[in-house]
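A.B. asks: Have a look at this one before I ask anything.
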Amino acid sequence: MKVAKEWNDYEILDMAEGEKLERWGNYKLIRPDPQIIWNEKSFPDKWKTADATYHRSKTGGGGWKYKTKLPQSWDVHYKELTFRVKPMGFKHTGLFPEQAVNWDWMIEKIKNSKREIKVLNLFAYTGGATVACSYAGARGMPCR
């Protein structure tokens, strides 16, 4: 498995107790992650610097609690790609940074192709792959 380690604007700062502390550009967010099953925080003081925390509701969904006034959305960059992120209603930010290795692969394949590439992204949940393919020179396919 490849790991996306070429980010400048995204970083996991710590993980514990079913949550992760992440840096998205200039902002730090705490979000739930059920895969984080250990309890001990490696950097307890860093958690106090979070700008916002997503709290799950016992009845489903949840919401953000803001310690700092954040913009409604902001840009983060991965290499030459720019993405707009924002805290969404179900803990997401509109981007999955671990997918960067897939974007790199798509960019390489498209740029090294000796022909026109058309892409229909059937899994455009965040649009990250679409941005990467477009950057590499692929054209979109019309929907019918």
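Convention: chains lettered A, B, ... in structure tokens order; per-chain residue numbering from 1; ligands numbered from 1 as shown.
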Tell me, which residues of segment 3-130 of chain A carry DSSP helix (DSSP H, G or I), written as a ChimeraX atom specification?

C.D. replies: /A:44-47,97-111,128-130

A.B. asks: Hey, what's within 9 Å of Tyr66 of chain A if we count only C-alpha atoms and toss same-chain stuff fewer than 5 positions away? As a tab-separated table (two decimals) with C-alpha atoms, in the first residue's frame, please?

C.D. replies:
chain	number	residue	atom	x	y	z
A	50	ALA	CA	-7.77	22.56	17.57
A	51	ASP	CA	-9.92	25.18	15.84
A	52	ALA	CA	-13.00	22.94	15.59
A	53	THR	CA	-14.25	19.55	16.77
A	54	TYR	CA	-16.91	17.39	15.20

A.B. asks: Which residue gives the smallest distance to Leu13 of chain A among A:Lys46, A:Gly94, A:Trp38, A:Asp33, with only C-alpha atoms counted?

C.D. replies: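 The shortest atom-to-atom distance to Leu13 of chain A comes from A:Lys46.
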
A.B. asks: Interatomic distance between atom CA of Val119 of chain A and atom CA of Cys133 of chain A?

C.D. replies: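 So the answer is 7.4 Å.
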
A.B. asks: Neighbours of Lys118 of chain A within 8 Å (only C-alpha atoms; same-chain residues fewer than 6 positions away dropped), as a short mmCIF file (atom, residue, chain, number, x, y, z; two decimals) with C-alpha atoms, in the first residue's frame?

C.D. replies:
data_model
loop_
_atom_site.label_atom_id
_atom_site.label_comp_id
_atom_site.auth_asym_id
_atom_site.auth_seq_id
_atom_site.Cartn_x
_atom_site.Cartn_y
_atom_site.Cartn_z
CA ALA A 138 -7.75 14.49 -19.72
CA ARG A 139 -11.10 15.64 -21.01
CA GLY A 140 -14.41 14.83 -19.42
CA MET A 141 -16.88 12.53 -21.11
#

A.B. asks: Leaving out Ile110 of chain A and any residue of its chain fewer than 5 positions from it, which residues lie within 9 Å of it when counting only C-alpha atoms, given as JSON, numbers by chain?

C.D. replies: {"A": [105, 115, 116, 117, 133, 136, 137, 138]}

A.B. asks: With only C-alpha atoms as the atoms that count, which of A:Lys58, A:Pro142, A:Ser113, A:Leu81 lies nearest to Gly127 of chain A?

C.D. replies: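 The closest residue to Gly127 of chain A is A:Leu81.
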